[in-house]
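J.: So that you have it, the file is final_1.tsv, and it contains TSV, N, CA and C atoms:
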```tsv
chain	number	residue	atom	x	y	z
C	1	MET	N	-152.41	-233.46	-16.17
C	1	MET	CA	-153.28	-232.30	-16.21
C	1	MET	C	-153.32	-231.78	-17.64
C	2	THR	N	-154.50	-231.61	-18.15
C	2	THR	CA	-154.64	-231.12	-19.52
C	2	THR	C	-154.47	-229.62	-19.55
C	3	PHE	N	-154.31	-229.11	-20.75
C	3	PHE	CA	-154.11	-227.67	-20.91
C	3	PHE	C	-155.32	-226.88	-20.42
C	4	SER	N	-156.53	-227.34	-20.73
C	4	SER	CA	-157.73	-226.59	-20.33
C	4	SER	C	-157.90	-226.60	-18.81
C	5	SER	N	-157.59	-227.71	-18.15
C	5	SER	CA	-157.72	-227.73	-16.69
C	5	SER	C	-156.64	-226.85	-16.05
C	6	LEU	N	-155.48	-226.77	-16.67
C	6	LEU	CA	-154.44	-225.88	-16.18
C	6	LEU	C	-154.87	-224.43	-16.30
C	7	GLU	N	-155.47	-224.07	-17.43
C	7	GLU	CA	-155.98	-222.70	-17.60
C	7	GLU	C	-157.04	-222.38	-16.56
C	8	ARG	N	-157.94	-223.32	-16.31
C	8	ARG	CA	-158.98	-223.12	-15.31
C	8	ARG	C	-158.37	-222.92	-13.93
C	9	ALA	N	-157.37	-223.70	-13.59
C	9	ALA	CA	-156.71	-223.57	-12.29
C	9	ALA	C	-156.05	-222.21	-12.14
C	10	ARG	N	-155.42	-221.75	-13.18
C	10	ARG	CA	-154.79	-220.42	-13.13
C	10	ARG	C	-155.84	-219.33	-13.02
C	11	GLY	N	-156.94	-219.48	-13.73
C	11	GLY	CA	-158.02	-218.49	-13.65
C	11	GLY	C	-158.62	-218.42	-12.27
C	12	GLU	N	-158.76	-219.56	-11.61
C	12	GLU	CA	-159.28	-219.57	-10.25
C	12	GLU	C	-158.32	-218.90	-9.29
C	13	GLU	N	-157.02	-219.09	-9.50
C	13	GLU	CA	-156.03	-218.43	-8.65
C	13	GLU	C	-156.05	-216.92	-8.83
C	14	LYS	N	-156.27	-216.45	-10.03
C	14	LYS	CA	-156.30	-215.01	-10.29
C	14	LYS	C	-157.45	-214.34	-9.56
C	15	ASN	N	-158.56	-215.05	-9.41
C	15	ASN	CA	-159.73	-214.48	-8.76
C	15	ASN	C	-159.73	-214.65	-7.25
C	16	LYS	N	-158.72	-215.30	-6.73
C	16	LYS	CA	-158.64	-215.55	-5.30
C	16	LYS	C	-158.28	-214.25	-4.57
C	17	LYS	N	-159.00	-213.95	-3.49
C	17	LYS	CA	-158.74	-212.75	-2.72
C	17	LYS	C	-157.58	-212.98	-1.77
C	18	MET	N	-156.64	-212.04	-1.74
C	18	MET	CA	-155.49	-212.13	-0.85
C	18	MET	C	-155.51	-210.98	0.14
C	19	LYS	N	-155.03	-211.24	1.33
C	19	LYS	CA	-154.82	-210.20	2.33
C	19	LYS	C	-153.32	-209.93	2.38
C	20	ILE	N	-152.93	-208.70	2.05
C	20	ILE	CA	-151.52	-208.34	1.95
C	20	ILE	C	-151.23	-207.27	3.00
C	21	HIS	N	-150.21	-207.49	3.81
C	21	HIS	CA	-149.82	-206.53	4.85
C	21	HIS	C	-148.40	-206.05	4.54
C	22	ILE	N	-148.25	-204.74	4.45
C	22	ILE	CA	-146.94	-204.14	4.20
C	22	ILE	C	-146.54	-203.39	5.46
C	23	ILE	N	-145.46	-203.85	6.07
C	23	ILE	CA	-144.97	-203.22	7.29
C	23	ILE	C	-143.91	-202.22	6.88
C	24	GLY	N	-144.21	-200.97	7.08
C	24	GLY	CA	-143.30	-199.90	6.69
C	24	GLY	C	-143.87	-199.14	5.51
C	25	GLY	N	-144.58	-198.07	5.80
C	25	GLY	CA	-145.23	-197.28	4.75
C	25	GLY	C	-144.40	-196.10	4.31
C	26	GLY	N	-143.11	-196.33	4.11
C	26	GLY	CA	-142.25	-195.27	3.57
C	26	GLY	C	-142.41	-195.22	2.06
C	27	ASN	N	-141.43	-194.66	1.39
C	27	ASN	CA	-141.50	-194.53	-0.07
C	27	ASN	C	-141.64	-195.89	-0.76
C	28	LEU	N	-140.85	-196.85	-0.35
C	28	LEU	CA	-140.89	-198.16	-0.99
C	28	LEU	C	-142.19	-198.91	-0.66
C	29	GLY	N	-142.60	-198.90	0.59
C	29	GLY	CA	-143.82	-199.59	1.00
C	29	GLY	C	-145.06	-199.04	0.29
C	30	VAL	N	-145.14	-197.72	0.19
C	30	VAL	CA	-146.28	-197.09	-0.50
C	30	VAL	C	-146.24	-197.42	-1.98
C	31	SER	N	-145.07	-197.42	-2.58
C	31	SER	CA	-144.96	-197.76	-4.00
C	31	SER	C	-145.39	-199.20	-4.27
C	32	ILE	N	-145.01	-200.10	-3.41
C	32	ILE	CA	-145.42	-201.50	-3.55
C	32	ILE	C	-146.93	-201.62	-3.42
C	33	ALA	N	-147.50	-200.96	-2.43
C	33	ALA	CA	-148.96	-201.02	-2.21
C	33	ALA	C	-149.72	-200.47	-3.42
C	34	LEU	N	-149.26	-199.35	-3.94
C	34	LEU	CA	-149.94	-198.75	-5.10
C	34	LEU	C	-149.81	-199.63	-6.34
C	35	GLY	N	-148.65	-200.26	-6.52
C	35	GLY	CA	-148.45	-201.16	-7.65
C	35	GLY	C	-149.35	-202.38	-7.57
C	36	ILE	N	-149.46	-202.96	-6.38
C	36	ILE	CA	-150.34	-204.12	-6.20
C	36	ILE	C	-151.79	-203.72	-6.45
C	37	ALA	N	-152.19	-202.59	-5.92
C	37	ALA	CA	-153.58	-202.14	-6.08
C	37	ALA	C	-153.90	-201.83	-7.54
C	38	LYS	N	-152.93	-201.33	-8.27
C	38	LYS	CA	-153.17	-200.94	-9.67
C	38	LYS	C	-153.31	-202.16	-10.58
C	39	PHE	N	-152.52	-203.19	-10.34
C	39	PHE	CA	-152.47	-204.32	-11.26
C	39	PHE	C	-153.18	-205.57	-10.77
C	40	SER	N	-153.92	-205.47	-9.69
C	40	SER	CA	-154.66	-206.63	-9.20
C	40	SER	C	-156.02	-206.19	-8.66
C	41	GLU	N	-156.91	-207.16	-8.52
C	41	GLU	CA	-158.24	-206.88	-8.01
C	41	GLU	C	-158.54	-207.82	-6.86
C	42	ASN	N	-159.54	-207.49	-6.08
C	42	ASN	CA	-160.03	-208.33	-4.99
C	42	ASN	C	-159.01	-208.60	-3.91
C	43	ASN	N	-158.09	-207.70	-3.69
C	43	ASN	CA	-157.09	-207.87	-2.63
C	43	ASN	C	-157.30	-206.83	-1.55
C	44	GLN	N	-157.06	-207.23	-0.32
C	44	GLN	CA	-157.10	-206.30	0.80
C	44	GLN	C	-155.66	-205.97	1.17
C	45	ILE	N	-155.27	-204.70	1.03
C	45	ILE	CA	-153.89	-204.29	1.29
C	45	ILE	C	-153.87	-203.40	2.52
C	46	THR	N	-153.02	-203.75	3.48
C	46	THR	CA	-152.87	-202.98	4.70
C	46	THR	C	-151.43	-202.48	4.77
C	47	VAL	N	-151.28	-201.16	4.99
C	47	VAL	CA	-149.95	-200.56	5.11
C	47	VAL	C	-149.84	-199.98	6.52
C	48	THR	N	-148.74	-200.26	7.19
C	48	THR	CA	-148.54	-199.74	8.54
C	48	THR	C	-147.38	-198.75	8.57
C	49	ARG	N	-147.48	-197.83	9.50
C	49	ARG	CA	-146.42	-196.84	9.69
C	49	ARG	C	-146.61	-196.20	11.06
C	50	ARG	N	-145.53	-195.82	11.70
C	50	ARG	CA	-145.65	-195.19	13.03
C	50	ARG	C	-146.44	-193.89	12.94
C	51	ASN	N	-146.08	-193.03	12.01
C	51	ASN	CA	-146.77	-191.76	11.82
C	51	ASN	C	-147.77	-191.94	10.68
C	52	THR	N	-149.01	-192.21	11.00
C	52	THR	CA	-150.00	-192.54	9.97
C	52	THR	C	-150.44	-191.32	9.13
C	53	ALA	N	-150.08	-190.13	9.55
C	53	ALA	CA	-150.47	-188.94	8.78
C	53	ALA	C	-149.87	-188.99	7.37
C	54	ASN	N	-148.72	-189.64	7.22
C	54	ASN	CA	-148.07	-189.69	5.91
C	54	ASN	C	-148.68	-190.69	4.95
C	55	ILE	N	-149.54	-191.58	5.43
C	55	ILE	CA	-150.15	-192.57	4.54
C	55	ILE	C	-151.67	-192.46	4.50
C	56	LEU	N	-152.22	-191.40	5.03
C	56	LEU	CA	-153.67	-191.22	5.03
C	56	LEU	C	-154.23	-191.13	3.60
C	57	HIS	N	-153.43	-190.69	2.66
C	57	HIS	CA	-153.91	-190.57	1.27
C	57	HIS	C	-154.18	-191.93	0.63
C	58	LEU	N	-153.76	-193.01	1.27
C	58	LEU	CA	-153.98	-194.35	0.72
C	58	LEU	C	-155.35	-194.89	1.08
C	59	GLU	N	-156.03	-194.32	2.05
C	59	GLU	CA	-157.34	-194.81	2.47
C	59	GLU	C	-158.36	-194.64	1.35
C	60	THR	N	-159.27	-195.62	1.31
C	60	THR	CA	-160.36	-195.50	0.33
C	60	THR	C	-161.68	-195.37	1.02
```
The structure in this file should be written as structure tokens.

T.:
Amino acid sequence: MTFSSLERARGEEKNKKMKIHIIGGGNLGVSIALGIAKFSENNQITVTRRNTANILHLET
């Protein structure tokens, strides 16, 4: 694999859409979700929690 084809492969992976599910929307789960959303694009992030009132601020 040449260097240019390797760069192309990495670029295609960066643009790939991922579905991410975080079970447990406590302090750590919310922090992880916000970090992923801040530093990546084209991802669908789902956070679950028993009491959803505490994570309503994450909805877009």

J.: So how far away is atom C of Val47 in chain C from atom C of Lys16 in chain C, in Å?

T.: 19.9 Å

J.: So that I can see what lies close to Gly29 in chain C, please list as a PyMOL selection string the residues with an atom at most 12 Å from it, counting only C-alpha atoms and leaving out residues fewer than 3 positions away in the same chain.

T.: chain C and resi 20-26+32-36+45-49+54-55+58

J.: Excluding Gln44 in chain C and residues on its chain fewer than 6 positions from it, collect all residues at most 8 Å away from it, counting only C-alpha atoms, and give them as a ChimeraX atom specification.

T.: /C:17-20

J.: Using the chain letters and numbers from this document, which residues of range 6-58 of chain C does DSSP assign to helix (DSSP H, G or I), as a list of chain:residue names?

T.: C:Leu6, C:Glu7, C:Arg8, C:Ala9, C:Arg10, C:Gly11, C:Glu12, C:Glu13, C:Lys14, C:Asn27, C:Leu28, C:Gly29, C:Val30, C:Ser31, C:Ile32, C:Ala33, C:Leu34, C:Gly35, C:Ile36, C:Ala37, C:Lys38, C:Phe39, C:Thr52, C:Ala53, C:Asn54, C:Ile55, C:Leu56, C:His57, C:Leu58

J.: What does the structure give for the distance between atom N of Lys38 in chain C and atom C of His57 in chain C, in Å to one decimal?

T.: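 These two atoms are separated by 13.0 Å.
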
J.: In Å, rounded to a single decimal, give me how far CA of Arg50 in chain C is from atom N of Ala37 in chain C.

T.: 21.4 Å

J.: Some atoms are absent from range 12-31 of chain C, so rebuild N, CA, C and O atoms and return them as an mmCIF file, keeping the file's coordinate frame.

T.:
```cif
data_model
loop_
_atom_site.group_PDB
_atom_site.id
_atom_site.type_symbol
_atom_site.label_atom_id
_atom_site.label_comp_id
_atom_site.auth_asym_id
_atom_site.auth_seq_id
_atom_site.Cartn_x
_atom_site.Cartn_y
_atom_site.Cartn_z
ATOM 1 N N GLU C 12 -158.760 -219.560 -11.610
ATOM 2 C CA GLU C 12 -159.280 -219.570 -10.250
ATOM 3 C C GLU C 12 -158.320 -218.900 -9.290
ATOM 4 O O GLU C 12 -158.721 -218.213 -8.371
ATOM 5 N N GLU C 13 -157.020 -219.090 -9.500
ATOM 6 C CA GLU C 13 -156.030 -218.430 -8.650
ATOM 7 C C GLU C 13 -156.050 -216.920 -8.830
ATOM 8 O O GLU C 13 -155.871 -216.186 -7.878
ATOM 9 N N LYS C 14 -156.270 -216.450 -10.030
ATOM 10 C CA LYS C 14 -156.300 -215.010 -10.290
ATOM 11 C C LYS C 14 -157.450 -214.340 -9.560
ATOM 12 O O LYS C 14 -157.357 -213.201 -9.162
ATOM 13 N N ASN C 15 -158.560 -215.050 -9.410
ATOM 14 C CA ASN C 15 -159.730 -214.480 -8.760
ATOM 15 C C ASN C 15 -159.730 -214.650 -7.250
ATOM 16 O O ASN C 15 -160.637 -214.209 -6.587
ATOM 17 N N LYS C 16 -158.720 -215.300 -6.730
ATOM 18 C CA LYS C 16 -158.640 -215.550 -5.300
ATOM 19 C C LYS C 16 -158.280 -214.250 -4.570
ATOM 20 O O LYS C 16 -157.370 -213.529 -4.969
ATOM 21 N N LYS C 17 -159.000 -213.950 -3.490
ATOM 22 C CA LYS C 17 -158.740 -212.750 -2.720
ATOM 23 C C LYS C 17 -157.580 -212.980 -1.770
ATOM 24 O O LYS C 17 -157.529 -213.988 -1.073
ATOM 25 N N MET C 18 -156.640 -212.040 -1.740
ATOM 26 C CA MET C 18 -155.490 -212.130 -0.850
ATOM 27 C C MET C 18 -155.510 -210.980 0.140
ATOM 28 O O MET C 18 -155.966 -209.877 -0.187
ATOM 29 N N LYS C 19 -155.030 -211.240 1.330
ATOM 30 C CA LYS C 19 -154.820 -210.200 2.330
ATOM 31 C C LYS C 19 -153.320 -209.930 2.380
ATOM 32 O O LYS C 19 -152.535 -210.819 2.689
ATOM 33 N N ILE C 20 -152.930 -208.700 2.050
ATOM 34 C CA ILE C 20 -151.520 -208.340 1.950
ATOM 35 C C ILE C 20 -151.230 -207.270 3.000
ATOM 36 O O ILE C 20 -151.930 -206.259 3.059
ATOM 37 N N HIS C 21 -150.210 -207.490 3.810
ATOM 38 C CA HIS C 21 -149.820 -206.530 4.850
ATOM 39 C C HIS C 21 -148.400 -206.050 4.540
ATOM 40 O O HIS C 21 -147.495 -206.861 4.392
ATOM 41 N N ILE C 22 -148.250 -204.740 4.450
ATOM 42 C CA ILE C 22 -146.940 -204.140 4.200
ATOM 43 C C ILE C 22 -146.540 -203.390 5.460
ATOM 44 O O ILE C 22 -147.210 -202.440 5.873
ATOM 45 N N ILE C 23 -145.460 -203.850 6.070
ATOM 46 C CA ILE C 23 -144.970 -203.220 7.290
ATOM 47 C C ILE C 23 -143.910 -202.220 6.880
ATOM 48 O O ILE C 23 -142.866 -202.580 6.353
ATOM 49 N N GLY C 24 -144.210 -200.970 7.080
ATOM 50 C CA GLY C 24 -143.300 -199.900 6.690
ATOM 51 C C GLY C 24 -143.870 -199.140 5.510
ATOM 52 O O GLY C 24 -143.731 -199.549 4.371
ATOM 53 N N GLY C 25 -144.580 -198.070 5.800
ATOM 54 C CA GLY C 25 -145.230 -197.280 4.750
ATOM 55 C C GLY C 25 -144.400 -196.100 4.310
ATOM 56 O O GLY C 25 -144.932 -195.012 4.121
ATOM 57 N N GLY C 26 -143.110 -196.330 4.110
ATOM 58 C CA GLY C 26 -142.250 -195.270 3.570
ATOM 59 C C GLY C 26 -142.410 -195.220 2.060
ATOM 60 O O GLY C 26 -143.398 -195.694 1.496
ATOM 61 N N ASN C 27 -141.430 -194.660 1.390
ATOM 62 C CA ASN C 27 -141.500 -194.530 -0.070
ATOM 63 C C ASN C 27 -141.640 -195.890 -0.760
ATOM 64 O O ASN C 27 -142.474 -196.053 -1.648
ATOM 65 N N LEU C 28 -140.850 -196.850 -0.350
ATOM 66 C CA LEU C 28 -140.890 -198.160 -0.990
ATOM 67 C C LEU C 28 -142.190 -198.910 -0.660
ATOM 68 O O LEU C 28 -142.827 -199.475 -1.550
ATOM 69 N N GLY C 29 -142.600 -198.900 0.590
ATOM 70 C CA GLY C 29 -143.820 -199.590 1.000
ATOM 71 C C GLY C 29 -145.060 -199.040 0.290
ATOM 72 O O GLY C 29 -145.915 -199.792 -0.164
ATOM 73 N N VAL C 30 -145.140 -197.720 0.190
ATOM 74 C CA VAL C 30 -146.280 -197.090 -0.500
ATOM 75 C C VAL C 30 -146.240 -197.420 -1.980
ATOM 76 O O VAL C 30 -147.284 -197.713 -2.587
ATOM 77 N N SER C 31 -145.070 -197.420 -2.580
ATOM 78 C CA SER C 31 -144.960 -197.760 -4.000
ATOM 79 C C SER C 31 -145.390 -199.200 -4.270
ATOM 80 O O SER C 31 -146.081 -199.474 -5.254
#
```
